[in-house]
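Peer 1: A single structure is presented below for examination.
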Amino acid sequence: MSRIMIVKQKLHEDTRPTLYRGLKYWGKKPHNVWRRLIEDNTQPKDVVYDPFAGSALTFFESLKAGRVPVIADINPLTLFLVDVYSKSFDLQKIKVLADKITTKIRQTGFYKKNYTCECPHCHKLVEIYNYRWHNGTPDEFSYKCPHCQKTYTIRNTIPYTQSSDSKKWKPSFDLRELSIVTPALINKIGGSNITDLWTDRNLALLCAIFDHIRKIKDEEKDALMFGFMQILHLTTKMCALRGNGANRPLSTSWGRPAFLGLSSFMEQNPVIQFERAIYGNAGVIQCLESRYKYLPPYTYSTDIKDLHKVDGIVLLRDCKAIKTGFHANLVITDPPYGSIIQYGELSLVWNVWLNQYDPKYTMSLKQEIIVNRKKSHEQYVNDMVKVWNNCQNLLEQDANVIVTYNSNSKEDWQALQQILRRTDLYVKEQRIQKNKRSSEANVSCKKGIGITDYYFVLGTKNVDYKGF
């Protein structure tokens, strides 16, 4: 039976469920648009394949639609998300365990010396929410006084204290191996180890939280690790200070898909951030409650041979090597757009910790399909041709491939044309889809492009095909 092609009517992005907001991932797609495409191009129980699964949107929306997802990604963040959301946790136990961790750390002399002070207004002891660095000096800090019921930013008089605890595990990775890291960045952050993305003070607290989580025997430790992953990027030196007009002295974000060396940045308190990651609006508790409400219970496997025994499959594998083993009724994916986002390298902020937490979460940057200083557009095209040929081999007859794409680079669009010319796929249909929010992938694009995605429906090429 011929499949229905992409929906004709204009689609509007719905408010994103909390379950999609817990773990940062660059360039998330509109969930309801994705599900509509899945529903309109497949039948219930059909197999939906995504070779670049990223934030696992295809997995979850396929389950929501009653389809069987098969997803692949070399980034272990994909597997970690599916793994965490597959479990049924005791939410009260998560709270108890998290409170034990934060209480223990708050009782240490190191924490009291570095992240508490006397409020000069009421002379009561308060917690410091963040330090504000300017040109290599933490010359201010901000806090919210529970006694005055006000937020203050004042001049810092607390000496910077480095941790003397060398017993706890610390991540290690030479940033000079990465294509997006320059000597100028190394100089600005003060070193070439990935640990230099954090201040010594923050790294000490992160290592302490991580150490406590790893020692927990209960299954809820995975939920706590989920919370810990949420704070790793928010406690780096890469979090810019917001302008005074924003009136948000207690919050910041890593908002650009790049490693940043900032002369002014916010050093956020990891303990307070961890509490927010458990109890906050997009914290672990609300994410899990959203997941239990939004999705049915599901089982999954990392072995394609179990396709008919479970609800979905997650392959922590290079999609260039996935040629056989199943048949798909739809391929839908958001592939890497040439050079825009260096997913693998940026994800090291989380993955150096995740791999230590559990060695099954591992990644090889060499397998990544991307354009950077080490990988040319020619190699990108060659790799993508392999992927699309594999997808065509896996497709049922008359089934479609739906691909999103966007770039302000002429070279990236030329690469897409070359890919299509070298495969048996052609553009059956295309459309522009506007999104509610600007994608992180398009922060450098001209006005209007940043909230736009191009959707292409690809079919099997006939002999008269002459390109698009």
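Residue numbering restarts at 1 for every chain of the structure tokens, chains are lettered A, B, ... in their displayed order, and ligands are numbered from 1 as they appear.
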Using only C-alpha atoms, which protein or nucleic acid residues come within 10 Å of Lys113 (chain A)? Drop anything in the same chain fewer than 5 positions from it, and give the result as a list of chain:residue names.
Peer 2: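 Near Lys113 (chain A), the qualifying residues are A:Thr108, A:Ile158, A:Pro159, A:Tyr160, A:Thr161.
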Peer 1: Can you list, as a PyMOL selection string, all residues belonging to region 73-274 of chain A that DSSP tags as alpha helix (DSSP H)?
Peer 2: chain A and resi 76-85+91-106+109-115+183-189+200-215+221-232+270-274
Peer 1: Can you tell me, as an NGL selection string, what residues are no more than 7 Å from Leu315 (chain A) when counting only C-alpha atoms, ignoring any on the same chain fewer than 5 positions away?
Peer 2: :A and (71-73 or 302)
Peer 1: Using the selection just defined, write its residues with C-alpha atoms as a PDB file, in the first residue's frame.
Peer 2:
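For reference, part.pdb as written:
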ATOM      1  CA  ILE A  71      16.597   4.469  16.726  1.00  0.00           C
ATOM      2  CA  ALA A  72      20.364   4.775  16.467  1.00  0.00           C
ATOM      3  CA  ASP A  73      22.951   7.273  17.629  1.00  0.00           C
ATOM      4  CA  THR A 302      19.835  -2.595  22.430  1.00  0.00           C
TER       5      THR A 302
END
Peer 1: Set the distance at 8 Å and use only C-alpha atoms: which residues neighbour region 409-420 of chain A once local chain neighbours fewer than 5 positions away are removed? I'd like the list as a VMD selection string.
Peer 2: chain A and resid 337 to 339 377 to 378 380 to 382 384 to 385 425 to 426 467 to 468
Peer 1: Can those selected residues be exported to a file as a tab-separated table (two decimals), in the first residue's frame so that it contains C-alpha atoms?
Peer 2:
chain	number	residue	atom	x	y	z
A	337	TYR	CA	23.56	19.86	9.04
A	338	GLY	CA	27.14	19.89	7.85
A	339	SER	CA	29.19	21.97	10.28
A	377	HIS	CA	32.54	18.26	3.28
A	378	GLU	CA	33.65	15.50	0.92
A	380	TYR	CA	30.53	14.24	5.13
A	381	VAL	CA	28.93	13.58	1.74
A	382	ASN	CA	30.52	10.14	1.45
A	384	MET	CA	25.79	10.46	4.38
A	385	VAL	CA	25.53	8.60	1.08
A	425	LEU	CA	16.48	9.03	-3.37
A	426	TYR	CA	14.82	12.17	-4.67
A	467	GLY	CA	17.90	16.84	-9.26
A	468	PHE	CA	16.12	19.62	-7.46
Peer 1: In Å, rounded to a single decimal, give me how far CA of Arg16 (chain A) is from CA of Met229 (chain A).
Peer 2: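 Separation between CA of Met229 (chain A) and CA of Arg16 (chain A): 19.9 Å.
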Peer 1: So, with only C-alpha atoms as the atoms that count, which of A:Lys221, A:Ile213, A:Trp198, A:Asn329 lies closest to Pro44 (chain A)?
Peer 2: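 Counting only C-alpha atoms, the residue closest to Pro44 (chain A) is A:Asn329.
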Peer 1: With a distance cut-off of 10 Å and only C-alpha atoms, select the neighbouring residues of region 199-211 of chain A, excluding the residue or stretch itself and same-chain residues fewer than 2 positions from it, and output the selection as a ChimeraX atom specification.
Peer 2: /A:98,101-102,104-105,110-111,114-115,160-171,189-190,195-197,213-216,224-225,228-229,231-232,235-237,267-271,274,353,356-357
Peer 1: Would you save the residues from that selection as a PDB file, in the first residue's frame, using C-alpha atoms?
Peer 2:
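After the write, out-v6.pdb holds the following:
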ATOM      1  CA  ALA A  98      18.885  13.921  46.985  1.00  0.00           C
ATOM      2  CA  ILE A 101      23.480  14.338  49.386  1.00  0.00           C
ATOM      3  CA  THR A 102      22.953  18.090  49.627  1.00  0.00           C
ATOM      4  CA  LYS A 104      26.154  16.110  53.658  1.00  0.00           C
ATOM      5  CA  ILE A 105      27.887  18.545  51.331  1.00  0.00           C
ATOM      6  CA  PHE A 110      34.842  23.496  52.223  1.00  0.00           C
ATOM      7  CA  TYR A 111      31.235  24.343  51.360  1.00  0.00           C
ATOM      8  CA  ASN A 114      33.140  28.950  49.855  1.00  0.00           C
ATOM      9  CA  TYR A 115      29.389  29.172  49.537  1.00  0.00           C
ATOM     10  CA  TYR A 160      39.061  31.927  46.622  1.00  0.00           C
ATOM     11  CA  THR A 161      39.725  28.480  48.134  1.00  0.00           C
ATOM     12  CA  GLN A 162      40.915  25.527  46.107  1.00  0.00           C
ATOM     13  CA  SER A 163      39.996  21.995  47.073  1.00  0.00           C
ATOM     14  CA  SER A 164      42.699  19.820  48.611  1.00  0.00           C
ATOM     15  CA  ASP A 165      40.687  16.589  48.153  1.00  0.00           C
ATOM     16  CA  SER A 166      42.557  14.479  45.610  1.00  0.00           C
ATOM     17  CA  LYS A 167      40.851  11.179  46.457  1.00  0.00           C
ATOM     18  CA  LYS A 168      37.664  11.665  44.451  1.00  0.00           C
ATOM     19  CA  TRP A 169      37.553  10.801  40.761  1.00  0.00           C
ATOM     20  CA  LYS A 170      37.842  13.699  38.316  1.00  0.00           C
ATOM     21  CA  PRO A 171      37.191  13.616  34.563  1.00  0.00           C
ATOM     22  CA  ILE A 189      39.793  28.922  30.305  1.00  0.00           C
ATOM     23  CA  GLY A 190      43.219  28.412  31.870  1.00  0.00           C
ATOM     24  CA  THR A 195      38.167  19.991  33.970  1.00  0.00           C
ATOM     25  CA  ASP A 196      39.299  23.545  33.168  1.00  0.00           C
ATOM     26  CA  LEU A 197      35.769  24.259  31.925  1.00  0.00           C
ATOM     27  CA  ILE A 213      25.465   9.271  43.604  1.00  0.00           C
ATOM     28  CA  ARG A 214      27.761   6.443  42.530  1.00  0.00           C
ATOM     29  CA  LYS A 215      27.744   4.969  46.039  1.00  0.00           C
ATOM     30  CA  ILE A 216      23.951   4.620  46.121  1.00  0.00           C
ATOM     31  CA  LEU A 224      19.835  11.262  40.535  1.00  0.00           C
ATOM     32  CA  MET A 225      22.408  10.908  37.770  1.00  0.00           C
ATOM     33  CA  PHE A 228      23.374  15.613  37.962  1.00  0.00           C
ATOM     34  CA  MET A 229      23.625  15.670  34.161  1.00  0.00           C
ATOM     35  CA  ILE A 231      23.713  20.811  36.158  1.00  0.00           C
ATOM     36  CA  LEU A 232      27.034  20.036  34.467  1.00  0.00           C
ATOM     37  CA  THR A 235      28.081  25.171  36.457  1.00  0.00           C
ATOM     38  CA  THR A 236      30.830  25.704  33.864  1.00  0.00           C
ATOM     39  CA  LYS A 237      32.744  28.899  33.112  1.00  0.00           C
ATOM     40  CA  GLU A 267      29.996  30.478  38.590  1.00  0.00           C
ATOM     41  CA  GLN A 268      26.811  28.873  39.869  1.00  0.00           C
ATOM     42  CA  ASN A 269      26.570  26.967  43.145  1.00  0.00           C
ATOM     43  CA  PRO A 270      26.424  23.235  42.176  1.00  0.00           C
ATOM     44  CA  VAL A 271      24.512  22.260  45.333  1.00  0.00           C
ATOM     45  CA  PHE A 274      21.410  20.124  41.961  1.00  0.00           C
ATOM     46  CA  TRP A 353      30.977  11.859  33.536  1.00  0.00           C
ATOM     47  CA  GLN A 356      32.539   6.906  34.250  1.00  0.00           C
ATOM     48  CA  TYR A 357      29.104   6.372  35.795  1.00  0.00           C
TER      49      TYR A 357
END
Peer 1: For Lys323 (chain A), please output as a CSV table (one decimal) with C-alpha atoms, in the first residue's frame all residues within 12 Å (counting only C-alpha atoms; exclusion window: fewer than 6 positions along the same chain).
Peer 2:
chain,number,residue,atom,x,y,z
A,51,PRO,CA,19.4,6.9,12.3
A,304,ILE,CA,17.8,-5.5,17.0
A,317,ARG,CA,25.9,2.2,16.9
A,386,LYS,CA,26.3,5.4,3.0
A,387,VAL,CA,23.5,6.2,5.5
A,388,TRP,CA,20.9,7.0,3.0
A,389,ASN,CA,21.7,3.9,0.9
A,390,ASN,CA,21.4,1.9,4.1
A,391,CYS,CA,18.0,3.5,4.9
A,392,GLN,CA,16.7,2.7,1.4
A,393,ASN,CA,17.7,-0.9,1.8
A,394,LEU,CA,15.8,-1.0,5.1
A,395,LEU,CA,12.6,0.6,3.7
Peer 1: Nearest to Pro257 (chain A): which of A:Val331, A:Ala321, A:Ile340, A:Leu241 is it, counting only C-alpha atoms?
Peer 2: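 The closest residue to Pro257 (chain A) is A:Ile340.
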Peer 1: Which residues of region 330-358 of chain A have any atom within 10 Å of an atom in region 24-34 of chain A when counting only C-alpha atoms, and what is the closest pair of atoms for each, with the distance in Å to one decimal? Order the rows by chain and rising number and write it as a tab-separated table.
Peer 2:
residue	atom	partner	partner_atom	distance
A:Ile332	CA	A:Trp34	CA	8.5
A:Thr333	CA	A:Trp34	CA	9.4
A:Asp334	CA	A:Lys29	CA	8.0
A:Pro336	CA	A:Gly27	CA	9.9
A:Ile341	CA	A:Trp26	CA	7.7
A:Gln342	CA	A:Trp26	CA	9.5
A:Tyr343	CA	A:Trp26	CA	7.5
A:Leu346	CA	A:Trp26	CA	9.3
A:Ser347	CA	A:Tyr25	CA	8.4
A:Trp350	CA	A:Lys24	CA	9.7
Peer 1: When you draw a straight line from CA of Gly312 (chain A) to CA of Val401 (chain A), how long is it in Å?
Peer 2: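 Distance between the two atoms: 19.2 Å.
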Peer 1: In Å to one decimal, how far is CA of Lys95 (chain A) from CA of Pro297 (chain A)?
Peer 2: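 Going from CA of Pro297 (chain A) over to CA of Lys95 (chain A) covers 22.1 Å.
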Peer 1: Run DSSP on the backbone of this structure and report the residues of region 209-305 of chain A it assigns to strand (DSSP E or B), as an MDAnalysis selection string.
Peer 2: chainID A and resid 240 264:268 300:301
